[in-house]
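See below for start-v8.pdb, which holds PDB, C-alpha atoms.
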ATOM      1  CA  MET A 280     103.663 -28.227 -22.279
ATOM      2  CA  THR A 281     106.756 -29.803 -23.814
ATOM      3  CA  LYS A 282     107.239 -33.457 -24.545
ATOM      4  CA  ARG A 283     110.232 -33.526 -22.140
ATOM      5  CA  PHE A 284     108.164 -32.047 -19.303
ATOM      6  CA  TYR A 285     105.424 -34.601 -19.898
ATOM      7  CA  THR A 286     107.909 -37.477 -19.813
ATOM      8  CA  LEU A 287     109.425 -36.245 -16.568
ATOM      9  CA  ALA A 288     105.991 -35.845 -14.996
ATOM     10  CA  VAL A 289     104.931 -39.383 -15.848
ATOM     11  CA  VAL A 290     108.286 -40.810 -14.790
ATOM     12  CA  ALA A 291     107.919 -39.018 -11.458
ATOM     13  CA  ILE A 292     104.559 -40.692 -10.923
ATOM     14  CA  ALA A 293     106.036 -44.089 -11.766
ATOM     15  CA  LEU A 294     108.844 -43.610  -9.232
ATOM     16  CA  LEU A 295     106.560 -42.459  -6.453
ATOM     17  CA  VAL A 296     103.893 -45.092  -6.892
ATOM     18  CA  PRO A 297     104.376 -48.626  -5.569
ATOM     19  CA  SER A 298     104.086 -51.444  -8.098
ATOM     20  CA  MET A 299     100.675 -52.962  -7.363
ATOM     21  CA  VAL A 300      97.401 -53.617  -9.083
ATOM     22  CA  PHE A 301      94.413 -51.772  -7.668
ATOM     23  CA  GLY A 302      91.036 -53.435  -8.148
ATOM     24  CA  ALA A 303      88.976 -50.373  -8.966
ATOM     25  CA  ALA A 304      86.903 -52.091 -11.655
ATOM     26  CA  THR A 305      87.923 -49.796 -14.490
ATOM     27  CA  SER A 306      87.338 -50.707 -18.126
ATOM     28  CA  PHE A 307      89.170 -49.188 -21.068
ATOM     29  CA  GLY A 308      88.152 -49.505 -24.694
ATOM     30  CA  VAL A 309      87.484 -47.995 -28.106
ATOM     31  CA  ALA A 310      84.139 -46.709 -29.334
ATOM     32  CA  LYS A 311      82.714 -46.734 -32.850
ATOM     33  CA  THR A 312      84.585 -44.597 -35.368
ATOM     34  CA  ILE A 313      83.212 -41.260 -36.550
ATOM     35  CA  THR A 314      83.828 -40.478 -40.217
ATOM     36  CA  GLY A 315      84.678 -36.954 -41.355
ATOM     37  CA  GLU A 316      85.868 -35.058 -44.404
ATOM     38  CA  ASN A 317      89.248 -35.258 -46.158
ATOM     39  CA  ASN A 318      89.738 -38.940 -45.310
ATOM     40  CA  LEU A 319      89.646 -38.245 -41.574
ATOM     41  CA  VAL A 320      88.133 -40.618 -39.031
ATOM     42  CA  THR A 321      87.877 -40.183 -35.265
ATOM     43  CA  VAL A 322      88.254 -43.100 -32.858
ATOM     44  CA  PRO A 323      87.063 -42.215 -29.325
ATOM     45  CA  LEU A 324      88.823 -43.771 -26.341
ATOM     46  CA  GLU A 325      86.415 -44.528 -23.499
ATOM     47  CA  ILE A 326      86.814 -45.586 -19.889
ATOM     48  CA  SER A 327      84.424 -46.595 -17.161
ATOM     49  CA  ASN A 328      85.817 -46.040 -13.659
ATOM     50  CA  LYS A 329      84.124 -46.789 -10.337
ATOM     51  CA  ALA A 330      86.683 -44.813  -8.305
ATOM     52  CA  ASN A 331      88.098 -41.322  -8.811
ATOM     53  CA  LEU A 332      91.170 -41.288 -11.080
ATOM     54  CA  THR A 333      94.104 -38.975 -10.475
ATOM     55  CA  ALA A 334      96.363 -39.817 -13.456
ATOM     56  CA  LEU A 335      96.416 -41.903 -16.633
ATOM     57  CA  ASP A 336      99.369 -43.232 -18.618
ATOM     58  CA  ILE A 337      98.166 -44.624 -21.974
ATOM     59  CA  PRO A 338     100.670 -45.995 -24.535
ATOM     60  CA  LEU A 339      98.981 -47.346 -27.669
ATOM     61  CA  SER A 340      99.915 -48.703 -31.066
ATOM     62  CA  PHE A 341      97.942 -48.661 -34.307
ATOM     63  CA  THR A 342      98.190 -50.539 -37.587
ATOM     64  CA  GLU A 343      99.429 -49.402 -40.996
ATOM     65  CA  GLY A 344      97.507 -47.457 -43.607
ATOM     66  CA  VAL A 345      96.654 -44.461 -41.433
ATOM     67  CA  THR A 346      98.426 -41.412 -40.028
ATOM     68  CA  LEU A 347      97.511 -40.164 -36.567
ATOM     69  CA  LYS A 348      96.999 -36.445 -37.180
ATOM     70  CA  GLU A 349      96.095 -35.429 -33.632
ATOM     71  CA  VAL A 350      94.720 -36.460 -30.284
ATOM     72  CA  ASN A 351      92.131 -34.014 -29.014
ATOM     73  CA  PHE A 352      90.332 -33.757 -25.706
ATOM     74  CA  ALA A 353      87.559 -31.297 -26.576
ATOM     75  CA  GLY A 354      84.261 -32.244 -24.994
ATOM     76  CA  THR A 355      85.771 -35.195 -23.137
ATOM     77  CA  ARG A 356      85.670 -36.063 -19.445
ATOM     78  CA  VAL A 357      89.254 -34.829 -19.000
ATOM     79  CA  GLU A 358      88.889 -31.488 -20.794
ATOM     80  CA  TYR A 359      89.511 -29.613 -17.514
ATOM     81  CA  PHE A 360      92.795 -31.458 -16.759
ATOM     82  CA  ASP A 361      95.938 -29.314 -16.511
ATOM     83  CA  LEU A 362      98.085 -31.907 -18.281
ATOM     84  CA  LYS A 363      96.737 -33.392 -21.507
ATOM     85  CA  VAL A 364      99.619 -34.492 -23.703
ATOM     86  CA  ALA A 365      99.909 -36.888 -26.614
ATOM     87  CA  SER A 366     103.283 -37.821 -28.065
ATOM     88  CA  ILE A 367     102.611 -39.149 -31.587
ATOM     89  CA  ASP A 368     105.149 -41.308 -33.441
ATOM     90  CA  ASN A 369     103.723 -42.187 -36.846
ATOM     91  CA  GLU A 370     106.983 -43.799 -37.960
ATOM     92  CA  ASN A 371     106.586 -46.477 -35.291
ATOM     93  CA  ARG A 372     102.762 -46.172 -35.256
ATOM     94  CA  THR A 373     102.499 -45.382 -31.550
ATOM     95  CA  VAL A 374     101.010 -42.686 -29.378
ATOM     96  CA  LEU A 375     101.698 -41.975 -25.716
ATOM     97  CA  ILE A 376      98.918 -40.142 -23.871
ATOM     98  CA  GLY A 377      99.433 -38.659 -20.408
ATOM     99  CA  LEU A 378      96.715 -37.106 -18.271
ATOM    100  CA  LEU A 379      96.927 -35.340 -14.905
ATOM    101  CA  PRO A 380      94.153 -33.210 -13.372
ATOM    102  CA  GLN A 381      96.396 -30.760 -11.542
ATOM    103  CA  MET A 382      99.780 -29.285 -12.415
ATOM    104  CA  SER A 383      98.998 -25.704 -11.342
ATOM    105  CA  HIS A 384      98.283 -24.099  -7.959
ATOM    106  CA  ASP A 385      94.555 -24.112  -8.699
ATOM    107  CA  ALA A 386      92.808 -27.062  -7.078
ATOM    108  CA  LYS A 387      91.418 -29.502  -9.608
ATOM    109  CA  PRO A 388      89.355 -32.573  -8.695
ATOM    110  CA  ASP A 389      90.247 -36.102  -9.719
ATOM    111  CA  LEU A 390      88.302 -37.647 -12.587
ATOM    112  CA  ALA A 391      85.026 -38.597 -10.931
ATOM    113  CA  ALA A 392      83.648 -42.109 -11.219
ATOM    114  CA  GLY A 393      81.663 -42.519 -14.418
ATOM    115  CA  THR A 394      81.761 -43.585 -18.052
ATOM    116  CA  GLY A 395      82.676 -41.672 -21.179
ATOM    117  CA  THR A 396      85.290 -40.483 -23.669
ATOM    118  CA  ILE A 397      88.683 -39.325 -22.405
ATOM    119  CA  ALA A 398      90.402 -38.704 -25.766
ATOM    120  CA  ASN A 399      89.753 -38.748 -29.508
ATOM    121  CA  LEU A 400      92.261 -40.237 -31.945
ATOM    122  CA  VAL A 401      91.974 -38.451 -35.297
ATOM    123  CA  PHE A 402      93.370 -40.589 -38.120
ATOM    124  CA  GLU A 403      93.909 -39.721 -41.767
ATOM    125  CA  ILE A 404      93.459 -42.649 -44.150
ATOM    126  CA  THR A 405      96.673 -42.624 -46.178
ATOM    127  CA  ASP A 406      96.186 -46.009 -47.868
ATOM    128  CA  PRO A 407      92.770 -46.245 -49.609
ATOM    129  CA  SER A 408      92.993 -50.047 -49.615
ATOM    130  CA  VAL A 409      93.009 -50.164 -45.797
ATOM    131  CA  LYS A 410      89.484 -50.416 -44.384
ATOM    132  CA  ASN A 411      90.189 -51.105 -40.709
ATOM    133  CA  VAL A 412      92.548 -49.954 -37.983
ATOM    134  CA  THR A 413      93.565 -51.984 -34.954
ATOM    135  CA  VAL A 414      94.393 -50.177 -31.708
ATOM    136  CA  GLU A 415      96.048 -51.925 -28.788
ATOM    137  CA  ALA A 416      97.910 -51.140 -25.590
ATOM    138  CA  VAL A 417     101.695 -51.562 -25.677
ATOM    139  CA  LYS A 418     104.582 -51.436 -23.235
ATOM    140  CA  MET A 419     107.256 -48.843 -23.910
ATOM    141  CA  THR A 420     110.810 -48.639 -22.601
ATOM    142  CA  ASP A 421     113.343 -45.869 -21.977
ATOM    143  CA  PRO A 422     111.420 -44.572 -20.142
ATOM    144  CA  HIS A 423     108.961 -47.276 -19.167
ATOM    145  CA  HIS A 424     105.293 -46.734 -19.994
ATOM    146  CA  GLU A 425     102.438 -49.184 -19.587
ATOM    147  CA  LEU A 426      98.671 -48.724 -19.603
ATOM    148  CA  THR A 427      98.226 -47.505 -16.034
ATOM    149  CA  PHE A 428      95.560 -45.672 -14.056
ATOM    150  CA  VAL A 429      96.496 -43.963 -10.783
ATOM    151  CA  TYR A 430      94.163 -43.521  -7.812
ATOM    152  CA  HIS A 431      94.230 -41.770  -4.471
ATOM    153  CA  ALA A 432      93.492 -44.232  -1.690
ATOM    154  CA  PHE A 433      92.782 -43.457   1.961
ATOM    155  CA  SER A 434      93.463 -45.649   4.985
ATOM    156  CA  GLN A 435      91.106 -45.913   7.960
ATOM    157  CA  GLY A 436      93.320 -43.377   9.720
ATOM    158  CA  GLY A 437      92.806 -40.904   6.900
ATOM    159  CA  GLN A 438      96.295 -41.201   5.424
ATOM    160  CA  ARG A 439      96.411 -40.775   1.670
ATOM    161  CA  SER A 440      98.376 -43.080  -0.621
ATOM    162  CA  ILE A 441      98.597 -43.713  -4.330
ATOM    163  CA  GLU A 442      97.693 -47.019  -5.923
ATOM    164  CA  LEU A 443      97.859 -48.344  -9.455
ATOM    165  CA  GLU A 444      95.586 -50.273 -11.747
ATOM    166  CA  LYS A 445      96.696 -51.841 -15.000
ATOM    167  CA  PRO A 446      93.427 -52.445 -16.869
ATOM    168  CA  LYS A 447      93.164 -55.065 -19.561
ATOM    169  CA  PHE A 448      92.747 -53.728 -23.085
ATOM    170  CA  GLU A 449      92.723 -56.299 -25.830
ATOM    171  CA  ALA A 450      93.463 -55.270 -29.387
ATOM    172  CA  VAL A 451      90.358 -53.797 -31.003
ATOM    173  CA  THR A 452      89.777 -53.517 -34.748
ATOM    174  CA  VAL A 453      87.334 -50.861 -35.901
ATOM    175  CA  ALA A 454      86.061 -50.089 -39.402
ATOM    176  CA  LEU A 455      87.375 -46.833 -40.831
ATOM    177  CA  SER A 456      84.046 -46.468 -42.623
ATOM    178  CA  GLY A 457      82.264 -46.229 -39.278
ATOM    179  CA  GLY A 458      81.154 -49.830 -39.432
ATOM    180  CA  VAL A 459      79.377 -49.745 -42.826
ATOM    181  CA  ALA A 460      80.800 -52.043 -45.480
ATOM    182  CA  THR A 461      81.062 -50.938 -49.109
ATOM    183  CA  ALA A 462      81.544 -52.981 -52.262
ATOM    184  CA  ASP A 463      85.339 -52.732 -52.153
ATOM    185  CA  ASN A 464      85.861 -53.586 -48.471
ATOM    186  CA  MET A 465      83.693 -56.695 -48.243
ATOM    187  CA  PRO A 466      85.152 -59.196 -45.751
ATOM    188  CA  VAL A 467      86.781 -62.157 -47.484
ATOM    189  CA  GLU A 468      86.243 -64.503 -44.531
ATOM    190  CA  PHE A 469      84.116 -64.989 -41.435
ATOM    191  CA  SER A 470      85.390 -63.049 -38.406
ATOM    192  CA  LEU A 471      84.285 -62.244 -34.862
ATOM    193  CA  SER A 472      86.032 -59.397 -33.034
ATOM    194  CA  GLN A 473      86.564 -58.960 -29.318
ATOM    195  CA  ASN A 474      83.773 -56.828 -27.892
ATOM    196  CA  TYR A 475      84.662 -53.232 -27.061
ATOM    197  CA  PRO A 476      84.983 -51.878 -24.531
ATOM    198  CA  ASN A 477      85.928 -54.909 -22.461
ATOM    199  CA  PRO A 478      85.442 -54.963 -19.502
ATOM    200  CA  PHE A 479      82.295 -52.848 -19.924
ATOM    201  CA  ASN A 480      79.424 -51.218 -18.057
ATOM    202  CA  PRO A 481      76.648 -51.329 -19.083
ATOM    203  CA  THR A 482      76.895 -51.457 -22.904
ATOM    204  CA  THR A 483      79.350 -53.071 -25.290
ATOM    205  CA  VAL A 484      79.606 -53.498 -29.057
ATOM    206  CA  ILE A 485      80.283 -56.786 -30.841
ATOM    207  CA  ALA A 486      81.602 -56.494 -34.415
ATOM    208  CA  TYR A 487      81.842 -59.283 -36.971
ATOM    209  CA  GLY A 488      82.417 -59.831 -40.664
ATOM    210  CA  LEU A 489      80.266 -61.842 -43.078
ATOM    211  CA  PRO A 490      81.780 -62.729 -46.468
ATOM    212  CA  VAL A 491      78.378 -63.699 -47.920
ATOM    213  CA  THR A 492      74.716 -63.024 -47.130
ATOM    214  CA  GLN A 493      73.544 -65.703 -44.706
ATOM    215  CA  ARG A 494      71.518 -66.514 -41.621
ATOM    216  CA  VAL A 495      73.174 -65.288 -38.428
ATOM    217  CA  ASN A 496      72.605 -65.936 -34.741
ATOM    218  CA  LEU A 497      74.422 -63.907 -32.081
ATOM    219  CA  THR A 498      73.614 -65.011 -28.533
ATOM    220  CA  ILE A 499      74.886 -64.098 -25.058
ATOM    221  CA  TYR A 500      75.394 -66.838 -22.430
ATOM    222  CA  ASN A 501      76.300 -66.819 -18.750
ATOM    223  CA  VAL A 502      78.929 -69.081 -17.164
ATOM    224  CA  LEU A 503      76.272 -71.774 -16.645
ATOM    225  CA  GLY A 504      75.595 -71.898 -20.369
ATOM    226  CA  GLN A 505      72.177 -70.298 -19.996
ATOM    227  CA  THR A 506      70.952 -67.919 -22.683
ATOM    228  CA  VAL A 507      70.981 -64.337 -21.437
ATOM    229  CA  ALA A 508      70.121 -62.449 -24.626
ATOM    230  CA  THR A 509      69.802 -63.019 -28.367
ATOM    231  CA  LEU A 510      71.104 -59.972 -30.234
ATOM    232  CA  VAL A 511      70.719 -61.211 -33.819
ATOM    233  CA  ASP A 512      68.670 -64.045 -35.271
ATOM    234  CA  GLY A 513      67.977 -63.808 -38.978
ATOM    235  CA  VAL A 514      69.446 -63.255 -42.416
ATOM    236  CA  GLN A 515      72.061 -60.489 -42.723
ATOM    237  CA  GLN A 516      73.786 -59.003 -45.750
ATOM    238  CA  ALA A 517      77.467 -59.662 -46.371
ATOM    239  CA  GLY A 518      79.742 -57.003 -44.890
ATOM    240  CA  LEU A 519      80.947 -55.552 -41.623
ATOM    241  CA  GLN A 520      78.211 -55.876 -39.011
ATOM    242  CA  GLN A 521      77.911 -54.992 -35.351
ATOM    243  CA  ALA A 522      75.467 -55.407 -32.500
ATOM    244  CA  GLU A 523      75.214 -53.673 -29.129
ATOM    245  CA  TRP A 524      74.375 -55.372 -25.849
ATOM    246  CA  ASN A 525      72.912 -53.345 -22.997
ATOM    247  CA  ALA A 526      73.539 -55.309 -19.789
ATOM    248  CA  SER A 527      71.860 -52.845 -17.425
ATOM    249  CA  ASN A 528      69.651 -55.610 -16.027
ATOM    250  CA  ASN A 529      72.457 -58.145 -15.645
ATOM    251  CA  SER A 530      74.855 -58.688 -12.772
ATOM    252  CA  SER A 531      78.627 -58.329 -12.923
ATOM    253  CA  GLY A 532      80.565 -61.326 -14.141
ATOM    254  CA  VAL A 533      81.912 -63.279 -17.084
ATOM    255  CA  TYR A 534      79.691 -63.786 -20.112
ATOM    256  CA  PHE A 535      80.188 -65.468 -23.478
ATOM    257  CA  TYR A 536      78.926 -64.424 -26.895
ATOM    258  CA  ARG A 537      78.565 -66.945 -29.719
ATOM    259  CA  LEU A 538      78.231 -66.095 -33.395
ATOM    260  CA  THR A 539      76.751 -68.881 -35.493
ATOM    261  CA  THR A 540      76.302 -68.832 -39.271
ATOM    262  CA  GLU A 541      75.550 -71.508 -41.832
ATOM    263  CA  GLN A 542      79.251 -72.425 -42.088
ATOM    264  CA  ASN A 543      80.935 -71.130 -38.913
ATOM    265  CA  THR A 544      80.628 -70.859 -35.155
ATOM    266  CA  GLU A 545      82.883 -68.869 -32.834
ATOM    267  CA  THR A 546      82.647 -67.969 -29.142
ATOM    268  CA  ARG A 547      84.413 -65.233 -27.179
ATOM    269  CA  LYS A 548      84.474 -64.170 -23.535
ATOM    270  CA  MET A 549      83.671 -60.744 -22.086
ATOM    271  CA  LEU A 550      83.504 -59.188 -18.617
ATOM    272  CA  LEU A 551      80.744 -57.005 -17.188
ATOM    273  CA  LEU A 552      81.883 -54.850 -14.247
ATOM    274  CA  LYS A 553      79.420 -52.721 -12.301
TER     275      LYS A 553
END
Encoding of this model in structure tokens:
Amino acid sequence: MTKRFYTLAVVAIALLVPSMVFGAATSFGVAKTITGENNLVTVPLEISNKANLTALDIPLSFTEGVTLKEVNFAGTRVEYFDLKVASIDNENRTVLIGLLPQMSHDAKPDLAAGTGTIANLVFEITDPSVKNVTVEAVKMTDPHHELTFVYHAFSQGGQRSIELEKPKFEAVTVALSGGVATADNMPVEFSLSQNYPNPFNPTTVIAYGLPVTQRVNLTIYNVLGQTVATLVDGVQQAGLQQAEWNASNNSSGVYFYRLTTEQNTETRKMLLLK
């Protein structure tokens, strides 16, 4: 499948679909990196969708110090799709991913509701001094591309239409070492990253950096300020740390997570969608 054909296919979708936001409660995010040989690391892209998806348009950017070698779909939820294309531009540090279940005469189902990986970004670390990579959604022009998920919708009379969702995807920074700090990539200052994925269902990962060994408390609160869960409460070594929250027993809604150390306190917001 050529790059030109992919562009035309996605442009055709954009022209046919009305400009609206469809509340299908889909989350999009990045999972923990997987380290490999020859300075390669894999960053899985994950989504959680509560309605069947019929197309995905995913333009992303990434930070310096790495080269995107490939985007593969082996073993992912979209492996059976007819159209799986990634246009990589390492000069501008962007990648445009397009996914469609059916381009042939053979009937292919939409992506069923569920959670899991839909693509793997395989980076090569080209700058040994770089220890993290930040991935975020971007808007592209000429032609226009924006993080967009396409659904089939049906009216009460049975008529089929197409509707769009533009999920939120905040910039996510992941450790190229897979989340384990070494002596030469020790954080120089306190940091608390946005959880990923966000929105999420039912698990999410919270990453943070500790410049020195110290006592740490990481607590989840609801909108009333009530404690929902305490993920960390004790002394932790300096370095890149992360904690996972499983919210299977919690209801959908906005939650806050607060990281408190001996010198710093920071709070961020996250969204659980079930």
Next on the checklist: Once the PyMOL selection byres ((chain A and resi 405) around 10) is applied to the coordinates I shared, what remains selected? I want it as a list in words.
Outcome noted: Asn318, Leu319, Glu343, Gly344, Val345, Thr346, Leu347, Phe402, Glu403, Ile404, Asp406, Pro407, Ser408 and Val409 of chain A
I'd like the contact shell of region 498-508 of chain A - 9 Å cut-off, only C-alpha atoms, skipping same-chain residues fewer than 5 positions apart - returned as a PDB file with C-alpha atoms, in the frame of the given file.
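Saved file result11.pdb follows:
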ATOM      1  CA  TRP A 524      74.375 -55.372 -25.849  1.00  0.00           C
ATOM      2  CA  ASN A 529      72.457 -58.145 -15.645  1.00  0.00           C
ATOM      3  CA  GLY A 532      80.565 -61.326 -14.141  1.00  0.00           C
ATOM      4  CA  VAL A 533      81.912 -63.279 -17.084  1.00  0.00           C
ATOM      5  CA  TYR A 534      79.691 -63.786 -20.112  1.00  0.00           C
ATOM      6  CA  PHE A 535      80.188 -65.468 -23.478  1.00  0.00           C
ATOM      7  CA  TYR A 536      78.926 -64.424 -26.895  1.00  0.00           C
ATOM      8  CA  ARG A 537      78.565 -66.945 -29.719  1.00  0.00           C
ATOM      9  CA  LEU A 538      78.231 -66.095 -33.395  1.00  0.00           C
ATOM     10  CA  THR A 539      76.751 -68.881 -35.493  1.00  0.00           C
TER      11      THR A 539
END
Checklist entry - Out of A:Asp512, A:Asp389, A:Glu541, A:Glu468, which residue has the shortest atom-to-atom distance to Leu332 (chain A) when counting only C-alpha atoms? => result A:Asp389
Checklist entry - Pick the closest to Gly377 (chain A) from A:Val414, A:Val511, A:Val309, A:Val429: which is it, counting only C-alpha atoms? => result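 Ranked by minimum distance to Gly377 (chain A), first place goes to A:Val429.
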Checklist entry - So what does the PyMOL selection byres ((chain A and resi 550) around 8) actually pick up in this one, as a PyMOL selection string? => result chain A and resi 477-479+531-534+548-549+551-552
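Rounded to one decimal, CA of Ala334 (chain A) and CA of Ala416 (chain A) lie 16.7 Å from each other.
Residues selected in this file by the PyMOL selection byres ((chain A and resi 336-340) around 6) comprise Leu335, Phe341, Arg372, Thr373, Val374, Leu375, Ile376, Gly377, Val414, Glu415, Ala416, Val417, Leu426 and Thr427 of chain A.
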Item to check | For CA of Leu378 (chain A) and CA of Lys447 (chain A), the interatomic separation in Å (one decimal) | outcome: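 These atoms are spaced 18.4 Å apart.
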May I have the protein, DNA and RNA residues with any atom at most 7 Å from the point (71.4, -60.6, -44.1), counting all atoms listed in the file, written as a PDB file with C-alpha atoms, keeping the file's coordinate frame?
ATOM      1  CA  THR A 492      74.716 -63.024 -47.130  1.00  0.00           C
ATOM      2  CA  GLN A 493      73.544 -65.703 -44.706  1.00  0.00           C
ATOM      3  CA  ARG A 494      71.518 -66.514 -41.621  1.00  0.00           C
ATOM      4  CA  GLY A 513      67.977 -63.808 -38.978  1.00  0.00           C
ATOM      5  CA  VAL A 514      69.446 -63.255 -42.416  1.00  0.00           C
ATOM      6  CA  GLN A 515      72.061 -60.489 -42.723  1.00  0.00           C
ATOM      7  CA  GLN A 516      73.786 -59.003 -45.750  1.00  0.00           C
ATOM      8  CA  ALA A 517      77.467 -59.662 -46.371  1.00  0.00           C
TER       9      ALA A 517
END
Item to check | Best match for closeness to Tyr475 (chain A) among A:Pro422, A:Glu523, A:Pro446, A:Ala398, counting only C-alpha atoms | outcome: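 Smallest separation from Tyr475 (chain A) among the options: A:Glu523.
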Checklist entry - For Thr483 (chain A), which of A:Ala353, A:Val451, A:Ala526, A:Leu471 is the closest residue, counting all atoms listed in the file? => result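 Nearest candidate to Thr483 (chain A) out of A:Ala353, A:Val451, A:Ala526, A:Leu471: A:Ala526.
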List as a PDB file with C-alpha atoms, in the frame of the given file the residues having at least one atom at most 12 Å from position (83.4, -37.1, -21.1) as given in the file, counting all atoms listed in the file.
ATOM      1  CA  PRO A 323      87.063 -42.215 -29.325  1.00  0.00           C
ATOM      2  CA  LEU A 324      88.823 -43.771 -26.341  1.00  0.00           C
ATOM      3  CA  GLU A 325      86.415 -44.528 -23.499  1.00  0.00           C
ATOM      4  CA  ILE A 326      86.814 -45.586 -19.889  1.00  0.00           C
ATOM      5  CA  SER A 327      84.424 -46.595 -17.161  1.00  0.00           C
ATOM      6  CA  ASN A 328      85.817 -46.040 -13.659  1.00  0.00           C
ATOM      7  CA  PHE A 352      90.332 -33.757 -25.706  1.00  0.00           C
ATOM      8  CA  ALA A 353      87.559 -31.297 -26.576  1.00  0.00           C
ATOM      9  CA  GLY A 354      84.261 -32.244 -24.994  1.00  0.00           C
ATOM     10  CA  THR A 355      85.771 -35.195 -23.137  1.00  0.00           C
ATOM     11  CA  ARG A 356      85.670 -36.063 -19.445  1.00  0.00           C
ATOM     12  CA  VAL A 357      89.254 -34.829 -19.000  1.00  0.00           C
ATOM     13  CA  GLU A 358      88.889 -31.488 -20.794  1.00  0.00           C
ATOM     14  CA  TYR A 359      89.511 -29.613 -17.514  1.00  0.00           C
ATOM     15  CA  PHE A 360      92.795 -31.458 -16.759  1.00  0.00           C
ATOM     16  CA  LEU A 390      88.302 -37.647 -12.587  1.00  0.00           C
ATOM     17  CA  ALA A 391      85.026 -38.597 -10.931  1.00  0.00           C
ATOM     18  CA  ALA A 392      83.648 -42.109 -11.219  1.00  0.00           C
ATOM     19  CA  GLY A 393      81.663 -42.519 -14.418  1.00  0.00           C
ATOM     20  CA  THR A 394      81.761 -43.585 -18.052  1.00  0.00           C
ATOM     21  CA  GLY A 395      82.676 -41.672 -21.179  1.00  0.00           C
ATOM     22  CA  THR A 396      85.290 -40.483 -23.669  1.00  0.00           C
ATOM     23  CA  ILE A 397      88.683 -39.325 -22.405  1.00  0.00           C
ATOM     24  CA  ALA A 398      90.402 -38.704 -25.766  1.00  0.00           C
ATOM     25  CA  ASN A 399      89.753 -38.748 -29.508  1.00  0.00           C
TER      26      ASN A 399
END
Item to check | Selection: 6 Å around Ile485 (chain A), all atoms listed in the file, excl. self and same-chain fewer than 4 positions, as a list in words | outcome: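 Neighbouring residues, sequence-local ones excluded: Asn474, Gln521 and Ala522 of chain A.
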Next on the checklist: Counting all atoms listed in the file, which residue out of A:Thr452, A:Asn496, A:Thr333, A:Asn351 sits closest to Val401 (chain A)?
Outcome noted: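 Selected residue with least distance to Val401 (chain A): A:Asn351.
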Checklist outcome for this item: Computed gap from CA of Ala454 (chain A) to CA of Glu545 (chain A) is 20.1 Å
Checklist entry - Got a sec: who's within 6 Å of Ile441 (chain A), counting only C-alpha atoms, leaving out chain neighbours fewer than 6 positions off, as a list in words? => result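 Surrounding residues, per the criterion: Tyr430, His431 and Ala432 of chain A.
Proximity to Thr314 (chain A) was assessed for A:Arg547, A:Leu455, A:Gln381, A:Ala486 counting all atoms listed in the file; the smallest distance is recorded for A:Leu455.
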What would region 479-490 of chain A look like with N, CA and C atoms restored, written as a short mmCIF file (atom, residue, chain, number, x, y, z; two decimals), in the frame of the given file?
data_model
loop_
_atom_site.label_atom_id
_atom_site.label_comp_id
_atom_site.auth_asym_id
_atom_site.auth_seq_id
_atom_site.Cartn_x
_atom_site.Cartn_y
_atom_site.Cartn_z
N PHE A 479 83.23 -53.89 -19.54
CA PHE A 479 82.30 -52.85 -19.92
C PHE A 479 81.23 -52.66 -18.86
N ASN A 480 80.55 -51.53 -18.94
CA ASN A 480 79.42 -51.22 -18.06
C ASN A 480 78.68 -49.99 -18.59
N PRO A 481 77.41 -50.08 -18.98
CA PRO A 481 76.65 -51.33 -19.08
C PRO A 481 76.54 -51.83 -20.53
N THR A 482 77.07 -51.06 -21.51
CA THR A 482 76.90 -51.46 -22.90
C THR A 482 78.23 -51.82 -23.55
N THR A 483 78.17 -52.69 -24.52
CA THR A 483 79.35 -53.07 -25.29
C THR A 483 78.93 -53.38 -26.72
N VAL A 484 79.88 -53.27 -27.64
CA VAL A 484 79.61 -53.50 -29.06
C VAL A 484 80.37 -54.74 -29.52
N ILE A 485 79.69 -55.58 -30.27
CA ILE A 485 80.28 -56.79 -30.84
C ILE A 485 80.28 -56.63 -32.36
N ALA A 486 81.47 -56.66 -32.97
CA ALA A 486 81.60 -56.49 -34.42
C ALA A 486 82.00 -57.83 -35.05
N TYR A 487 81.52 -58.04 -36.28
CA TYR A 487 81.84 -59.28 -36.97
C TYR A 487 81.75 -59.07 -38.47
N GLY A 488 82.40 -59.95 -39.22
CA GLY A 488 82.42 -59.83 -40.66
C GLY A 488 81.78 -61.03 -41.33
N LEU A 489 80.95 -60.78 -42.33
CA LEU A 489 80.27 -61.84 -43.08
C LEU A 489 80.69 -61.76 -44.55
N PRO A 490 81.34 -62.79 -45.07
CA PRO A 490 81.78 -62.73 -46.47
C PRO A 490 80.64 -62.88 -47.47
#
